[in-house]
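Data block below; observations after.
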Amino acid sequence: MIACPSVRKSSIRTHYNLATLFYRLLWGPHIHHGYWTSDESPRAAQLALTERLATLARIKSGEQLLDIGCGMGGSSIHLAKTRHCHATGVTLSRVQRIWSAASAAAQGVGRNTSFRCADAESIAFEQTSFDVIWSVECTEHLFDKPAFFQRAAQWLKPGGRMAICAWLAGDQLDTAARRKQVYDVCDGFLCPSLGSSADYVDWMQHAGLRVERVEDWTSKVARTWEICRDRVRKSRVRWLARCLHGESTLFLDRFDTLLSAYETGAMKYGCFIATNDA
Ligand SMILES: C[S@@+](CC[C@H](N)C(=O)[O-])C[C@H]1O[C@@H](n2cnc3c(N)ncnc32)[C@H](O)[C@@H]1O
């Protein structure tokens with residue numbers, strides 16, 4: 001695991017309160033990578049990632065799903081619409097909570113979704129409340145990842161599934177240059193640490209879950225950053241971001257770092273499915 005101790009939770013909250021508009025303009029209602037198998041549009045690729053994870057997680061009609069780090073509600077709303085589950089989204093950002101609830105209502109799934117502004121590292125739920133715990137690209141922002149998995153595993157019903165997509169530190173961080181690439185990504189994208197694939201498996205197993213699937217999606221998702229980099233270059237997003245909040249622009253300058261971290265193997269992108277067999 002690579003740690004970046006300078007990251008503060010208050011900065012993560014401020015980032016999403018301010019940058020959500022830019023993510024929406026640059027990328028769309030999902031704040032996560034796309035998954036490409038050919039030359040799909042970015043929008044189709046984002047939905048493909050959501051769909052692929054939903055299929056692996058075997059989400060069924062009527063199930064209770066907890067979406068940790070729900071962003072603008074992209075996954076929760078899509079899954080409530082297409083898989084007819086009930087989704088509870090949790091986000092650190094008040095702006096995102098309001099955005100998600102308004103979007104869900106506008107798309108006709110206001111009753112099948114609920115959104116809370118809360119810290120996933122301290123929020124409490126009754127034990128065995130959920131059939132699925134879903135988290136796409138949020139665990140990177142958590143400060144005590146093993147503790148989160150310990151608590152979240154308790155919220156799963158017997159037979160419940162945990163479905164995670166995460167940015168990962170590569171398995172072979174044997175050079176200072178590679179470790180620096182990961183550190184720079186953590187610093188630019190406000191990740192207090194990035195775990196490796198083996199770390200995630202370890203955390204889930206220690207939480208009592210059976211890890212049934214681990215997939216490396218790096219080569220399928222990396223195109224995301226080429227597209228984002230080109231869109232930032234061609235648009236006035238950087239200028240707008242600087243006018244609104246100069247400190248929030250670092251992530252816009254780190255797209256190349258991320259791309260090259262994927263190329264060198266310093267970083268990976270992983271998908272994990274784990275089950276509560278209790
Ligand atoms: C990269 S975005 C992903 C959003 C969403 N999962 C998606 O795929 O569109 C990261 C999300 O994690 C949330 N987040 C970060 N730290 C959090 C925490 N401690 N508790 C709850 N949410 C958190 C942010 O508010 C943001 O919504």
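A note on labels: chains of the structure tokens are A, B, ... as shown, every chain counts residues from 1, and ligands are counted from 1 in their shown order.
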Per residue of chain A within 7 Å of ligand 1, record the nearest atom pair and its distance in Å to one decimal, counting only C-alpha atoms and all ligand atoms, with rows in chain order and ascending residue number, as a tab-separated table.
```
residue	atom	partner	partner_atom_place_in_ligand_line	distance
A:Ile12	CA	ligand 1	15 (C)	6.4
A:Arg13	CA	ligand 1	25 (O)	6.3
A:Tyr16	CA	ligand 1	25 (O)	5.7
A:Pro29	CA	ligand 1	9 (O)	6.6
A:His30	CA	ligand 1	9 (O)	3.7
A:Ile31	CA	ligand 1	9 (O)	3.5
A:His32	CA	ligand 1	8 (O)	4.5
A:Ile68	CA	ligand 1	22 (N)	6.0
A:Gly69	CA	ligand 1	12 (O)	3.5
A:Cys70	CA	ligand 1	5 (C)	4.3
A:Gly71	CA	ligand 1	27 (O)	3.2
A:Met72	CA	ligand 1	9 (O)	6.0
A:Gly73	CA	ligand 1	9 (O)	6.4
A:Gly74	CA	ligand 1	9 (O)	5.1
A:Ser75	CA	ligand 1	8 (O)	6.2
A:Val90	CA	ligand 1	21 (C)	5.5
A:Thr91	CA	ligand 1	22 (N)	3.7
A:Leu92	CA	ligand 1	22 (N)	4.1
A:Ser93	CA	ligand 1	25 (O)	4.8
A:Gln96	CA	ligand 1	27 (O)	6.7
A:Ala118	CA	ligand 1	21 (C)	5.8
A:Asp119	CA	ligand 1	20 (N)	3.6
A:Ala120	CA	ligand 1	20 (N)	3.7
A:Glu121	CA	ligand 1	19 (N)	5.4
A:Ser135	CA	ligand 1	6 (N)	5.9
A:Val136	CA	ligand 1	6 (N)	4.3
A:Glu137	CA	ligand 1	1 (C)	4.9
A:Cys138	CA	ligand 1	12 (O)	4.0
A:His141	CA	ligand 1	16 (N)	4.8
A:Leu142	CA	ligand 1	19 (N)	5.4
```
inquiry  = Please identify the helix (DSSP H, G or I) residues within segment 71-268 of chain A (assignment by DSSP from backbone atoms) and present them as a PyMOL selection string.
reply    = chain A and resi 74-82+94-106+139-141+145-155+176-189+197-206+218-221+223-234+237-244+246-253+255-264
message = Need to verify the contact set: Leu66 of chain A, 7 Å, only C-alpha atoms, exclusion of same-chain residues closer than 3 positions in sequence. Can you return it as a ChimeraX atom specification?
response = /A:87-89,130,132-134
query = Smallest atom-to-atom distance to Phe143 of chain A: which of A:Thr175, A:Ala106, A:Cys186, A:Ala57, using only C-alpha atoms?
reply =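 That would be A:Cys186, the residue with the smallest distance to Phe143 of chain A.
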key: Selection: 10 Å around Arg111 of chain A, only C-alpha atoms, excl. self and same-chain fewer than 3 positions, as a PyMOL selection string   = chain A and resi 80+86-87+101+104-105+108+114
Using only C-alpha atoms: which of A:Ile227, A:Ile77, A:Ala169, A:Ala163 has the shortest distance to Thr55 of chain A =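 Looking at the shortest contact to Thr55 of chain A, the residue is A:Ala163.
The residue that comes closest to Leu26 of chain A, out of A:Trp225, A:Phe272, A:Ala3, A:Arg254 and on the basis of only C-alpha atoms, is A:Trp225.
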key: Residue nearest Phe149 of chain A among A:Asp202, A:Asp187, A:Asp253, A:Asp171 (counting only C-alpha atoms)   = A:Asp202
key: Distance criterion (only C-alpha atoms): nearest to Ser11 of chain A out of A:Cys191, A:Asp174, A:Arg229, A:Asp277   =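 Smallest separation from Ser11 of chain A among the options: A:Cys191.
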request  = Excluding Trp155 of chain A and any residue of its chain fewer than 6 positions from it, enumerate the residues within 7 Å of it, using only C-alpha atoms, and give them as a ChimeraX atom specification.
outcome  = /A:125-130
Keeping only N, CA and C atoms, write those residues as a PDB file, in the first residue's frame.
```
ATOM      1  N   PHE A 125     -25.201   1.240  10.265  1.00  0.00           N
ATOM      2  CA  PHE A 125     -26.407   0.577   9.764  1.00  0.00           C
ATOM      3  C   PHE A 125     -26.642  -0.646  10.642  1.00  0.00           C
ATOM      4  N   GLU A 126     -27.893  -1.088  10.693  1.00  0.00           N
ATOM      5  CA  GLU A 126     -28.201  -2.343  11.394  1.00  0.00           C
ATOM      6  C   GLU A 126     -27.420  -3.468  10.724  1.00  0.00           C
ATOM      7  N   GLN A 127     -27.042  -4.452  11.511  1.00  0.00           N
ATOM      8  CA  GLN A 127     -26.395  -5.634  10.923  1.00  0.00           C
ATOM      9  C   GLN A 127     -27.365  -6.300   9.944  1.00  0.00           C
ATOM     10  N   THR A 128     -26.852  -6.947   8.962  1.00  0.00           N
ATOM     11  CA  THR A 128     -27.588  -7.704   7.929  1.00  0.00           C
ATOM     12  C   THR A 128     -28.717  -6.881   7.275  1.00  0.00           C
ATOM     13  N   SER A 129     -28.420  -5.621   6.946  1.00  0.00           N
ATOM     14  CA  SER A 129     -29.445  -4.760   6.317  1.00  0.00           C
ATOM     15  C   SER A 129     -29.466  -4.860   4.802  1.00  0.00           C
ATOM     16  N   PHE A 130     -28.357  -5.279   4.191  1.00  0.00           N
ATOM     17  CA  PHE A 130     -28.244  -5.140   2.731  1.00  0.00           C
ATOM     18  C   PHE A 130     -27.921  -6.468   2.035  1.00  0.00           C
TER      19      PHE A 130
END
```
key: Counting only C-alpha atoms, the residue of A:His206, A:Arg223, A:Lys145, A:His78 that sits nearest Ser260 of chain A   =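 Checking each of A:His206, A:Arg223, A:Lys145, A:His78 against Ser260 of chain A, counting only C-alpha atoms, the winner is A:Arg223.
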task = Apply DSSP to the backbone of this structure and, from segment 168-243 of chain A, keep only the residues in strand (DSSP E); write these as a VMD selection string.
result = chain A and resid 168 to 169 193 to 194 210 to 216
inquiry  = So that I can see what lies close to Lys60 of chain A, please list as a list in words the residues with an atom at most 12 Å from it, counting only C-alpha atoms and leaving out residues fewer than 6 positions away in the same chain.
reply    =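 Once the adjacent positions are removed, what remains is Ala54, Leu79, Ala80, Lys81, Thr82, Arg83, His84, Cys85, His86, Ala87, Asp131, Val132, Gly160 and Arg161 of chain A.
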task = Could you jot down the atom CA of Leu65 of chain A to atom CA of Arg52 of chain A separation for me, Å, one decimal place?
result =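 Result for atom CA of Leu65 of chain A versus atom CA of Arg52 of chain A: 16.0 Å, one decimal.
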message = Report, in Å with one decimal, the straight-line distance from atom CA of Asp256 of chain A to atom CA of Arg233 of chain A.
response =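 Separation between atom CA of Asp256 of chain A and atom CA of Arg233 of chain A: 12.0 Å.
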Give me the residues within 9 Å of Leu168 of chain A as a JSON list (two decimals) with N, CA and C atoms, in the first residue's frame, counting only C-alpha atoms and dropping any in the same chain fewer than 3 places off.
```json
[["chain", "number", "residue", "atom", "x", "y", "z"],
["A", 1, "MET", "N", 0.85, -1.20, 0.00],
["A", 1, "MET", "CA", 0.00, 0.00, 0.00],
["A", 1, "MET", "C", 0.89, 1.25, 0.00],
["A", 140, "GLU", "N", -10.77, 4.20, -2.39],
["A", 140, "GLU", "CA", -9.49, 4.89, -2.51],
["A", 140, "GLU", "C", -9.41, 6.06, -1.53],
["A", 171, "ASP", "N", 1.33, -4.33, -8.29],
["A", 171, "ASP", "CA", 1.89, -5.40, -7.45],
["A", 171, "ASP", "C", 3.40, -5.26, -7.30],
["A", 182, "VAL", "N", 2.54, 6.57, -8.06],
["A", 182, "VAL", "CA", 1.34, 6.28, -7.24],
["A", 182, "VAL", "C", 1.11, 7.40, -6.24],
["A", 194, "LEU", "N", -3.45, 4.02, -1.53],
["A", 194, "LEU", "CA", -3.97, 3.08, -2.54],
["A", 194, "LEU", "C", -3.46, 1.70, -2.16],
["A", 195, "GLY", "N", -4.40, 0.76, -2.02],
["A", 195, "GLY", "CA", -4.02, -0.62, -1.72],
["A", 195, "GLY", "C", -3.77, -1.38, -3.01],
["A", 196, "SER", "N", -3.08, -2.49, -2.88],
["A", 196, "SER", "CA", -2.88, -3.38, -4.03],
["A", 196, "SER", "C", -4.06, -4.35, -4.10],
["A", 197, "SER", "N", -4.12, -5.11, -5.17],
["A", 197, "SER", "CA", -5.16, -6.13, -5.30],
["A", 197, "SER", "C", -5.08, -7.11, -4.11],
["A", 200, "TYR", "N", -6.67, -5.70, -0.98],
["A", 200, "TYR", "CA", -8.14, -5.75, -0.96],
["A", 200, "TYR", "C", -8.63, -7.16, -0.61],
["A", 266, "ALA", "N", 2.57, 0.75, -12.43],
["A", 266, "ALA", "CA", 2.59, 1.30, -11.06],
["A", 266, "ALA", "C", 1.18, 1.27, -10.47],
["A", 267, "MET", "N", 0.19, 1.40, -11.35],
["A", 267, "MET", "CA", -1.21, 1.30, -10.90],
["A", 267, "MET", "C", -1.99, 0.30, -11.72],
["A", 268, "LYS", "N", -3.03, -0.22, -11.09],
["A", 268, "LYS", "CA", -3.96, -1.14, -11.78],
["A", 268, "LYS", "C", -5.38, -0.68, -11.45],
["A", 269, "TYR", "N", -6.33, -1.26, -12.16],
["A", 269, "TYR", "CA", -7.74, -1.01, -11.85],
["A", 269, "TYR", "C", -8.39, -2.36, -11.62],
["A", 270, "GLY", "N", -8.98, -2.53, -10.44],
["A", 270, "GLY", "CA", -9.47, -3.86, -10.09],
["A", 270, "GLY", "C", -10.95, -3.91, -9.76]]
```
